[in-house]
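Student: This is structure27.txt, which holds compact mmCIF, C-alpha atoms:
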# COMPACT_ATOMS: atom_id res chain seq x y z
CA MET A 1 84.58 71.18 76.14
CA THR A 2 81.44 72.54 77.76
CA ARG A 3 81.62 72.64 81.53
CA ASP A 4 78.68 71.84 83.78
CA LEU A 5 78.89 74.61 86.37
CA THR A 6 75.86 73.47 88.36
CA VAL A 7 76.43 73.45 92.11
CA THR A 8 75.90 69.89 93.31
CA ASP A 9 77.33 70.11 96.81
CA VAL A 10 78.29 72.73 99.38
CA ARG A 11 80.47 71.89 102.36
CA LEU A 12 80.69 74.12 105.43
CA THR A 13 83.49 73.48 107.90
CA PRO A 14 83.66 75.62 111.06
CA ILE A 15 87.11 75.67 112.63
CA LEU A 16 89.00 77.16 115.55
CA VAL A 17 92.37 78.73 114.75
CA ALA A 18 95.11 79.65 117.22
CA ASP A 19 95.31 83.37 117.99
CA PRO A 20 97.89 85.21 120.13
CA PRO A 21 96.89 87.41 123.11
CA LEU A 22 96.53 90.64 121.12
CA LEU A 23 95.01 93.61 122.97
CA ASN A 24 92.41 96.14 121.83
CA THR A 25 90.08 98.58 123.51
CA GLN A 26 87.45 95.89 124.13
CA GLY A 27 89.80 93.31 125.68
CA VAL A 28 92.11 90.62 124.35
CA HIS A 29 91.92 87.98 121.64
CA GLN A 30 90.86 84.53 122.79
CA PRO A 31 93.38 81.68 122.38
CA TYR A 32 91.37 80.39 119.42
CA THR A 33 89.18 82.25 116.96
CA PRO A 34 86.31 80.82 114.85
CA ARG A 35 86.43 80.82 111.04
CA LEU A 36 84.18 79.18 108.47
CA ILE A 37 85.56 77.42 105.39
CA VAL A 38 83.15 77.20 102.44
CA GLU A 39 83.53 74.65 99.63
CA VAL A 40 81.34 74.79 96.52
CA VAL A 41 81.42 71.69 94.28
CA THR A 42 80.23 71.65 90.65
CA ALA A 43 78.78 68.80 88.59
CA ASP A 44 82.18 68.43 86.92
CA GLY A 45 83.83 67.83 90.28
CA ILE A 46 85.51 71.24 90.55
CA THR A 47 85.74 72.60 94.09
CA GLY A 48 85.99 76.29 94.93
CA VAL A 49 86.93 77.51 98.41
CA GLY A 50 85.99 80.58 100.43
CA GLU A 51 86.37 81.79 104.00
CA THR A 52 84.48 84.09 106.35
CA TYR A 53 83.66 84.70 110.01
CA GLY A 54 82.89 81.51 111.91
CA ASP A 55 80.82 82.68 114.88
CA THR A 56 77.58 80.76 115.36
CA LYS A 57 75.41 83.61 114.03
CA TYR A 58 77.22 83.38 110.68
CA LEU A 59 77.12 79.60 110.59
CA GLU A 60 73.39 79.59 111.26
CA LEU A 61 72.88 81.77 108.17
CA ALA A 62 75.38 79.86 106.03
CA ARG A 63 73.62 76.50 106.47
CA PRO A 64 70.29 77.44 104.85
CA PHE A 65 72.21 79.52 102.28
CA ALA A 66 74.21 76.41 101.32
CA ARG A 67 71.03 74.38 100.83
CA LYS A 68 69.53 77.02 98.56
CA LEU A 69 72.72 77.25 96.49
CA LYS A 70 72.51 73.67 95.21
CA GLY A 71 71.26 73.49 91.63
CA ARG A 72 72.35 77.02 90.80
CA GLN A 73 75.27 77.96 88.53
CA VAL A 74 78.56 79.02 90.12
CA SER A 75 78.63 81.80 87.51
CA ASP A 76 75.37 83.28 88.89
CA LEU A 77 77.15 85.62 91.25
CA ASN A 78 74.39 88.23 91.27
CA GLY A 79 71.98 85.50 92.33
CA LEU A 80 73.89 85.05 95.57
CA PHE A 81 72.31 88.24 96.90
CA THR A 82 68.84 86.95 95.98
CA VAL A 83 69.57 83.78 97.91
CA ALA A 84 70.75 85.85 100.87
CA ASP A 85 67.49 87.82 100.92
CA GLU A 86 65.60 84.54 101.25
CA VAL A 87 67.50 83.51 104.39
CA ALA A 88 65.87 84.58 107.64
CA VAL A 89 67.98 86.22 110.34
CA ASP A 90 67.38 85.51 114.02
CA ASP A 91 66.95 89.00 115.48
CA SER A 92 68.41 87.81 118.77
CA ARG A 93 71.69 87.29 116.93
CA VAL A 94 71.88 90.91 115.78
CA GLN A 95 73.49 93.37 118.17
CA ASP A 96 72.37 96.96 118.41
CA ALA A 97 75.75 98.16 119.60
CA VAL A 98 79.37 97.90 118.56
CA ASP A 99 80.25 94.38 117.44
CA VAL A 100 82.95 93.58 120.00
CA GLY A 101 84.30 90.71 117.93
CA GLY A 102 84.90 92.57 114.70
CA LEU A 103 85.15 96.07 116.21
CA ARG A 104 83.42 97.21 113.04
CA GLY A 105 80.55 99.37 114.19
CA VAL A 106 76.83 98.70 114.54
CA GLN A 107 75.75 95.29 113.30
CA THR A 108 72.54 94.64 111.33
CA ALA A 109 70.82 91.68 109.71
CA ASP A 110 71.92 92.91 106.29
CA LYS A 111 75.56 93.05 107.41
CA LEU A 112 75.32 89.48 108.64
CA ARG A 113 73.96 88.37 105.28
CA LEU A 114 76.71 90.17 103.37
CA SER A 115 79.39 88.52 105.50
CA VAL A 116 77.94 85.13 104.61
CA VAL A 117 77.60 86.04 100.92
CA SER A 118 81.28 86.98 100.80
CA GLY A 119 82.45 83.46 101.64
CA PHE A 120 80.21 81.90 99.01
CA GLU A 121 81.09 84.48 96.36
CA VAL A 122 84.81 83.81 96.76
CA ALA A 123 84.20 80.05 96.60
CA CYS A 124 82.14 80.45 93.42
CA LEU A 125 84.79 82.68 91.83
CA ASP A 126 87.47 80.14 92.74
CA ALA A 127 85.46 77.31 91.16
CA LEU A 128 84.63 79.38 88.08
CA GLY A 129 88.26 80.35 87.62
CA LYS A 130 89.36 76.73 87.87
CA ALA A 131 86.70 75.69 85.35
CA LEU A 132 87.75 78.36 82.86
CA GLY A 133 91.48 78.15 83.52
CA LEU A 134 91.56 81.79 84.66
CA PRO A 135 92.78 83.47 87.85
CA VAL A 136 90.18 85.27 89.95
CA HIS A 137 91.70 88.64 89.12
CA ALA A 138 90.97 87.95 85.42
CA LEU A 139 87.31 87.27 86.28
CA LEU A 140 87.31 90.68 87.99
CA GLY A 141 88.62 92.48 84.91
CA GLY A 142 92.35 91.86 85.18
CA LYS A 143 95.17 92.90 87.46
CA VAL A 144 96.83 96.32 87.32
CA ARG A 145 99.74 95.27 89.56
CA ASP A 146 101.72 92.06 89.97
CA ALA A 147 102.09 92.31 93.75
CA VAL A 148 99.98 93.86 96.51
CA GLU A 149 101.62 95.74 99.39
CA TYR A 150 100.60 95.00 102.97
CA SER A 151 101.32 96.84 106.20
CA ALA A 152 102.71 95.36 109.42
CA TYR A 153 99.79 95.12 111.85
CA LEU A 154 101.22 95.90 115.29
CA PHE A 155 99.41 95.13 118.54
CA TYR A 156 99.97 95.69 122.19
CA LYS A 157 100.38 92.11 123.32
CA TRP A 158 100.82 89.91 126.36
CA ALA A 159 103.65 87.40 126.28
CA ASP A 160 101.16 84.57 126.83
CA HIS A 161 97.49 83.88 127.35
CA PRO A 162 96.49 83.69 131.04
CA ALA A 163 97.95 80.81 133.04
CA GLY A 164 95.89 77.65 132.87
CA VAL A 165 94.20 78.56 129.59
CA PRO A 166 94.82 75.99 126.83
CA ALA A 167 96.60 77.87 124.04
CA GLU A 168 99.31 77.58 121.42
CA LYS A 169 102.64 79.21 122.31
CA ASP A 170 103.92 81.97 120.03
CA ASP A 171 107.41 83.43 119.77
CA TRP A 172 106.53 87.14 119.54
CA GLY A 173 106.85 87.96 123.22
CA ALA A 174 105.18 90.88 124.98
CA ALA A 175 104.68 94.41 123.65
CA LEU A 176 103.29 96.68 126.34
CA ASP A 177 105.29 99.88 125.92
CA PRO A 178 106.95 101.89 123.12
CA ALA A 179 110.11 99.78 123.25
CA GLY A 180 108.07 96.59 122.91
CA VAL A 181 106.13 98.01 119.97
CA VAL A 182 109.33 99.01 118.18
CA GLU A 183 110.85 95.57 118.76
CA GLN A 184 107.71 93.95 117.36
CA ALA A 185 107.94 96.19 114.30
CA ARG A 186 111.59 95.21 113.80
CA ARG A 187 110.66 91.55 113.83
CA PHE A 188 107.88 92.15 111.31
CA THR A 189 110.37 93.90 109.06
CA GLU A 190 112.99 91.18 109.40
CA ARG A 191 110.54 88.36 108.79
CA TYR A 192 108.31 89.86 106.11
CA GLY A 193 109.93 93.03 104.80
CA PHE A 194 107.07 95.38 105.71
CA THR A 195 107.79 99.07 105.17
CA SER A 196 104.65 100.59 106.74
CA PHE A 197 103.19 100.04 110.20
CA LYS A 198 99.77 100.18 111.83
CA LEU A 199 99.32 100.09 115.60
CA LYS A 200 96.09 98.90 117.18
CA GLY A 201 95.42 101.54 119.82
CA GLY A 202 92.70 102.30 122.33
CA VAL A 203 94.48 100.09 124.87
CA PHE A 204 96.49 102.58 126.92
CA PRO A 205 95.93 106.28 127.64
CA PRO A 206 96.50 108.35 124.46
CA ASP A 207 99.78 109.86 125.66
CA GLU A 208 101.30 106.38 125.88
CA GLU A 209 100.16 105.52 122.37
CA ILE A 210 101.46 108.84 121.05
CA ALA A 211 104.81 107.88 122.57
CA ALA A 212 104.69 104.51 120.79
CA ILE A 213 104.05 106.13 117.41
CA ARG A 214 106.84 108.62 118.07
CA ALA A 215 109.18 105.73 118.89
CA LEU A 216 108.22 104.02 115.61
CA ALA A 217 108.84 107.25 113.69
CA GLU A 218 112.30 107.50 115.23
CA ALA A 219 113.14 103.85 114.58
CA PHE A 220 111.72 103.83 111.01
CA PRO A 221 112.10 107.39 109.71
CA GLY A 222 109.97 108.21 106.68
CA HIS A 223 107.93 105.00 106.86
CA PRO A 224 104.10 105.34 106.73
CA LEU A 225 102.53 105.01 110.20
CA ARG A 226 98.90 104.54 111.24
CA LEU A 227 97.09 104.40 114.57
CA ASP A 228 93.68 102.76 115.13
CA PRO A 229 91.97 103.07 118.54
CA ASN A 230 88.63 101.65 117.28
CA GLY A 231 86.56 104.70 118.24
CA ALA A 232 87.86 104.77 121.82
CA TRP A 233 88.45 108.53 121.96
CA SER A 234 86.31 111.61 122.29
CA VAL A 235 86.40 114.26 119.58
CA GLU A 236 88.63 116.44 121.73
CA THR A 237 91.07 113.61 122.42
CA SER A 238 91.08 112.63 118.74
CA VAL A 239 91.95 116.16 117.68
CA GLY A 240 94.69 116.33 120.30
CA VAL A 241 96.28 113.08 119.14
CA ALA A 242 96.04 114.13 115.50
CA ASP A 243 97.77 117.42 116.28
CA ALA A 244 100.48 115.66 118.28
CA LEU A 245 101.23 113.23 115.45
CA ARG A 246 100.38 115.29 112.38
CA ASP A 247 103.94 115.17 111.07
CA VAL A 248 104.28 111.38 111.13
CA LEU A 249 100.83 109.83 110.55
CA GLU A 250 99.79 108.54 107.14
CA TYR A 251 96.26 108.50 108.53
CA LEU A 252 94.38 108.14 111.82
CA GLU A 253 91.84 105.31 111.75
CA ASP A 254 88.47 105.57 113.54
CA PRO A 255 89.68 107.74 116.42
CA ALA A 256 86.10 108.61 117.40
CA LEU A 257 82.97 106.48 117.07
CA GLY A 258 80.43 107.28 114.37
CA THR A 259 80.22 109.47 111.28
CA ARG A 260 79.22 112.66 113.07
CA ALA A 261 82.08 112.45 115.54
CA MET A 262 84.50 111.65 112.73
CA ALA A 263 83.25 114.66 110.77
CA ASP A 264 83.84 116.86 113.82
CA VAL A 265 87.40 115.59 114.06
CA ALA A 266 87.99 115.99 110.32
CA ARG A 267 86.94 119.65 110.45
CA ARG A 268 89.59 120.34 113.08
CA THR A 269 92.62 118.53 111.69
CA ASP A 270 94.40 118.07 108.40
CA VAL A 271 95.45 114.52 109.28
CA PRO A 272 93.52 112.14 106.97
CA LEU A 273 90.95 109.98 108.74
CA ALA A 274 90.33 106.36 107.72
CA THR A 275 87.48 104.06 108.67
CA ASN A 276 86.26 100.52 108.70
CA MET A 277 83.60 101.27 111.30
CA CYS A 278 81.39 104.16 110.15
CA VAL A 279 81.42 103.19 106.45
CA THR A 280 80.77 99.47 106.15
CA THR A 281 77.82 99.46 103.73
CA PHE A 282 76.85 101.45 100.64
CA ALA A 283 74.00 103.07 102.58
CA GLU A 284 76.51 104.65 104.98
CA ILE A 285 78.56 106.29 102.23
CA LYS A 286 76.39 109.34 101.53
CA GLU A 287 76.54 110.87 105.01
CA ALA A 288 80.23 110.12 105.47
CA PHE A 289 81.36 111.47 102.12
CA THR A 290 79.15 114.54 101.99
CA SER A 291 80.25 115.54 105.50
CA ASP A 292 83.91 114.81 104.63
CA ALA A 293 84.08 112.58 107.70
CA VAL A 294 86.60 110.19 106.15
CA GLN A 295 89.36 110.48 103.61
CA VAL A 296 90.20 106.76 103.33
CA VAL A 297 87.80 103.80 103.42
CA LEU A 298 89.23 100.46 104.48
CA SER A 299 87.23 97.86 102.65
CA ASP A 300 86.81 94.32 103.93
CA HIS A 301 85.27 91.96 101.39
CA HIS A 302 84.02 89.76 104.24
CA TYR A 303 81.40 92.30 105.22
CA TRP A 304 80.94 94.31 102.03
CA GLY A 305 79.56 91.20 100.38
CA GLY A 306 82.52 89.98 98.36
CA LEU A 307 85.13 90.96 95.83
CA ARG A 308 82.87 92.56 93.23
CA ASN A 309 81.24 94.78 95.83
CA THR A 310 84.74 95.79 96.90
CA GLN A 311 85.40 96.93 93.35
CA GLN A 312 82.15 98.90 93.36
CA LEU A 313 83.16 100.55 96.62
CA ALA A 314 86.51 101.52 95.12
CA ALA A 315 84.72 103.12 92.15
CA VAL A 316 82.48 105.17 94.46
CA CYS A 317 85.50 106.26 96.49
CA ARG A 318 87.26 107.36 93.32
CA THR A 319 84.20 109.38 92.31
CA PHE A 320 84.31 111.32 95.59
CA GLY A 321 88.09 111.61 95.76
CA VAL A 322 88.25 109.32 98.80
CA GLY A 323 91.17 106.93 99.18
CA VAL A 324 90.65 103.18 99.51
CA SER A 325 92.60 100.36 101.08
CA MET A 326 91.74 97.16 102.96
CA HIS A 327 90.88 96.31 106.52
CA SER A 328 91.77 92.91 107.96
CA ASN A 329 90.17 90.54 110.41
CA THR A 330 91.75 87.41 111.87
CA HIS A 331 91.89 85.58 108.57
CA LEU A 332 93.65 82.63 106.96
CA GLY A 333 95.29 82.14 103.58
CA ILE A 334 92.07 81.76 101.59
CA SER A 335 91.01 85.26 102.58
CA LEU A 336 94.50 86.67 102.03
CA ALA A 337 94.47 85.22 98.51
CA ALA A 338 91.03 86.72 97.86
CA MET A 339 92.14 90.11 99.23
CA THR A 340 95.21 90.02 97.01
CA HIS A 341 93.25 89.20 93.86
CA VAL A 342 90.75 92.02 94.29
CA ALA A 343 93.39 94.52 95.46
CA ALA A 344 95.34 93.74 92.31
CA THR A 345 92.39 95.03 90.23
CA VAL A 346 91.83 98.32 92.10
CA GLN A 347 93.49 101.13 90.16
CA ASP A 348 93.67 103.74 92.91
CA LEU A 349 95.09 101.67 95.75
CA HIS A 350 97.53 104.14 97.28
CA HIS A 351 97.81 102.67 100.78
CA ALA A 352 99.25 99.34 101.86
CA CYS A 353 96.53 96.88 102.91
CA ASP A 354 96.09 95.53 106.44
CA SER A 355 96.60 91.84 107.21
CA HIS A 356 96.49 89.77 110.40
CA TYR A 357 97.95 86.80 108.51
CA PRO A 358 101.46 86.95 110.04
CA TRP A 359 99.84 86.50 113.46
CA GLN A 360 98.14 83.26 112.41
CA SER A 361 100.46 80.29 112.94
CA GLU A 362 97.88 77.86 111.54
CA ASP A 363 96.25 77.59 108.13
CA VAL A 364 94.13 75.25 106.03
CA LEU A 365 96.29 75.48 102.90
CA THR A 366 98.93 73.07 101.63
CA GLU A 367 101.30 76.02 101.33
CA ARG A 368 101.19 79.33 103.21
CA LEU A 369 101.17 82.56 101.27
CA THR A 370 104.36 84.55 101.69
CA PHE A 371 105.31 88.22 101.97
CA ASP A 372 108.33 89.41 100.02
CA GLY A 373 109.33 92.98 100.75
CA GLY A 374 105.97 93.40 102.47
CA LYS A 375 104.12 92.32 99.33
CA VAL A 376 102.17 89.26 98.20
CA THR A 377 102.64 88.23 94.59
CA VAL A 378 99.36 88.01 92.65
CA SER A 379 98.80 84.42 91.53
CA ASP A 380 98.09 83.75 87.85
CA ALA A 381 97.02 80.16 88.53
CA PRO A 382 93.36 79.26 87.90
CA GLY A 383 91.01 80.43 90.63
CA LEU A 384 92.56 81.78 93.80
CA GLY A 385 95.72 79.75 93.23
CA VAL A 386 95.53 77.99 96.62
CA GLU A 387 94.92 74.37 97.61
CA LEU A 388 93.06 73.11 100.65
CA ASP A 389 94.92 70.79 103.02
CA ARG A 390 92.20 68.40 104.17
CA ASP A 391 94.20 66.99 107.06
CA ARG A 392 94.77 70.47 108.49
CA LEU A 393 91.14 71.40 107.89
CA GLU A 394 89.95 68.29 109.69
CA SER A 395 92.30 68.92 112.62
CA LEU A 396 91.04 72.48 113.13
CA HIS A 397 87.45 71.29 112.72
CA ARG A 398 87.98 68.65 115.43
CA ARG A 399 89.12 71.44 117.73
CA TRP A 400 85.82 73.22 117.01
CA LEU A 401 83.85 70.02 117.65
CA ASP A 402 85.66 69.43 120.94
CA ASP A 403 85.00 72.96 122.21
CA ASP A 404 82.19 73.34 124.72
CA GLY A 405 80.89 76.39 122.89
CA THR A 406 82.99 78.90 124.82
CA LEU A 407 85.23 79.74 121.88
CA ARG A 408 82.69 79.49 119.07
CA GLU A 409 81.80 83.15 119.57
CA ARG A 410 84.58 85.69 119.49
CA ASP A 411 84.36 87.79 122.64
CA ASP A 412 87.41 89.87 123.53
CA ALA A 413 85.83 91.13 126.77
CA ALA A 414 85.14 87.58 127.97
CA ALA A 415 88.73 86.64 127.19
CA MET A 416 89.95 89.60 129.26
CA ARG A 417 87.79 88.52 132.20
CA VAL A 418 89.79 85.30 132.42
CA ALA A 419 92.73 87.44 133.53
CA ASP A 420 90.69 90.17 135.21
CA PRO A 421 87.29 88.95 136.46
CA ALA A 422 86.19 92.55 137.10
CA TRP A 423 86.80 93.61 133.49
CA VAL A 424 83.93 95.31 131.70
CA ALA A 425 84.32 96.42 128.10
CA PRO A 426 84.77 100.19 128.39
CA ALA A 427 82.07 102.57 127.28
CA VAL A 428 83.08 104.84 124.43
CA PRO A 429 84.60 107.30 124.40
CA ARG A 430 87.05 105.64 126.74
CA TRP A 431 89.29 108.74 126.82
As structure tokens - that is how I would like this structure written.
Tutor:
Amino acid sequence: MTRDLTVTDVRLTPILVADPPLLNTQGVHQPYTPRLIVEVVTADGITGVGETYGDTKYLELARPFARKLKGRQVSDLNGLFTVADEVAVDDSRVQDAVDVGGLRGVQTADKLRLSVVSGFEVACLDALGKALGLPVHALLGGKVRDAVEYSAYLFYKWADHPAGVPAEKDDWGAALDPAGVVEQARRFTERYGFTSFKLKGGVFPPDEEIAAIRALAEAFPGHPLRLDPNGAWSVETSVGVADALRDVLEYLEDPALGTRAMADVARRTDVPLATNMCVTTFAEIKEAFTSDAVQVVLSDHHYWGGLRNTQQLAAVCRTFGVGVSMHSNTHLGISLAAMTHVAATVQDLHHACDSHYPWQSEDVLTERLTFDGGKVTVSDAPGLGVELDRDRLESLHRRWLDDDGTLRERDDAAAMRVADPAWVAPAVPRW
């Protein structure tokens, strides 16, 4: 039977999802974070789903994109980038400094477009897979592994959001010192079976974070460990931390801000450096790779422009002998499924991927994805292999509708000012 793959409808649903009070160098997570759920419907009634950032600047691009997508074929994946080029970007929405929400480096109009494209590309791949009876990984060339390994994503954390702030209660407790970090890691291991650990740093002075990594190394001997201060350190501090932890770190992620600073650090240490801040587009690869500034690139399909661009990135990394893994933002199950499908197709994936998913108590799926031994099994069901729960989606959308606009933009510094009115996001390097 011939399928009609024409896009007849596109539904965009912005939502607010509960988020714990996780700390980073810019501040603390807000009690709710915005996400955007994309649904692409074909003439045959097949619906594909995608997910991306939900801040207003992304939603304002997604709306005209959705209108232009109608009448096109869901199989026309290359055409998505043509559509994106036709969508105007409000320059006032583009920051010329570090994006404090994503902590992902300098933001540009092109990066905004790619983040929007990613949600639509995943939705189109999901719909196409359902129409053809094929899993997304088959549309990407086929899986080379049956399960994808993920790393426990550890955070310094308050026990609760500030008093008086509406928020969902979590059961993780506080983690504000090495003992708290180790206890958090134990709970991750007990609940999900993770065997590698990444700590979000840049929160406390480097000596305190060195002590936390040392405590993890003692509690979990031989397990891969990573530390990510989001560019909060000077070159000198970065080199000092690398030297202090050279015997236990799998890699050090974005210790200093920018390719040149990273290259300076790389020349002075043999600890591998990873990034999701100075290499976030293809245009940034040349300088970083030729200067040997990074040894591992952490892809994120949300801002590389989708799953196929992630595969292209992996091929370029392989050409230059650079490792590849995956960065994570505050995502739900749709994105975790997409990450798992594309990771299953990457031959040289030698590092466990990042995932915030265990921190998210809410989802829009009928069934949450699960970690077994720290891994997610790659689905062989058509499309992504997930199903949207419309009641949950509507509930999280109502929360977005009821918000006065305060939470529709992720702003970790603003969230910190609720607890500390004098807080100003630190200039970098912070130490």
Student: Residues within 7 Å of (95.9, 95.4, 95.2), file coordinates, counting only C-alpha atoms: what are they? Give the list as JSON, numbers by chain.
Tutor: {"A": [145, 148, 340, 341, 342, 343, 344, 345, 346, 349]}
Student: Return as CSV the residues of region 323-409 of chain A lying at most 9 Å from region 35-45 of chain A, together with the closest atom-to-atom pair for each and the distance in Å to one decimal, counting all atoms listed in the file, with rows in chain order and ascending residue number.
Tutor:
residue,atom,partner,partner_atom,distance
A:Thr330,CA,A:Arg35,CA,8.5
A:His331,CA,A:Arg35,CA,7.7
A:Leu332,CA,A:Arg35,CA,8.5
A:Ile334,CA,A:Ile37,CA,8.7
A:Val364,CA,A:Ile37,CA,8.9
A:Leu393,CA,A:Ile37,CA,8.6
A:Arg408,CA,A:Arg35,CA,9.0
Student: Skip Trp233 (chain A) itself and residues of its chain fewer than 4 positions away, then list as a PyMOL selection string all residues within 8 Å of it, counting only C-alpha atoms.
Tutor: chain A and resi 202+229+237-238+255-257+428-431
Student: Have a look at CA of Ala84 (chain A) and CA of Pro135 (chain A) and let me know their distance in Å, one decimal.
Tutor: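 Going from CA of Ala84 (chain A) over to CA of Pro135 (chain A) covers 25.7 Å.
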Student: So which residues touch Leu154 (chain A) within 8 Å, counting all atoms listed in the file, skipping near sequence neighbours fewer than 4 positions away, as a PyMOL selection string?
Tutor: chain A and resi 181+184-185+197-200
Student: Kindly indicate which residue among A:Leu139, A:Leu80, A:Met416, A:Ala88 lies nearest to Glu60 (chain A), using all atoms listed in the file for the distances.
Tutor: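 The answer is A:Ala88, which sits nearest to Glu60 (chain A).
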Student: List as a short mmCIF file (atom, residue, chain, number, x, y, z; two decimals) with C-alpha atoms, keeping the file's coordinate frame: which residues have an atom within 12 Å of (96.2, 102.7, 95.9), counting only C-alpha atoms?
Tutor:
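What follows is the written file result-v7.cif:
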data_model
loop_
_atom_site.label_atom_id
_atom_site.label_comp_id
_atom_site.auth_asym_id
_atom_site.auth_seq_id
_atom_site.Cartn_x
_atom_site.Cartn_y
_atom_site.Cartn_z
CA VAL A 144 96.83 96.32 87.32
CA ARG A 145 99.74 95.27 89.56
CA VAL A 148 99.98 93.86 96.51
CA GLU A 149 101.62 95.74 99.39
CA TYR A 150 100.60 95.00 102.97
CA VAL A 296 90.20 106.76 103.33
CA VAL A 297 87.80 103.80 103.42
CA LEU A 298 89.23 100.46 104.48
CA ALA A 314 86.51 101.52 95.12
CA CYS A 317 85.50 106.26 96.49
CA ARG A 318 87.26 107.36 93.32
CA VAL A 322 88.25 109.32 98.80
CA GLY A 323 91.17 106.93 99.18
CA VAL A 324 90.65 103.18 99.51
CA SER A 325 92.60 100.36 101.08
CA MET A 326 91.74 97.16 102.96
CA ALA A 343 93.39 94.52 95.46
CA ALA A 344 95.34 93.74 92.31
CA THR A 345 92.39 95.03 90.23
CA VAL A 346 91.83 98.32 92.10
CA GLN A 347 93.49 101.13 90.16
CA ASP A 348 93.67 103.74 92.91
CA LEU A 349 95.09 101.67 95.75
CA HIS A 350 97.53 104.14 97.28
CA HIS A 351 97.81 102.67 100.78
CA ALA A 352 99.25 99.34 101.86
CA CYS A 353 96.53 96.88 102.91
#
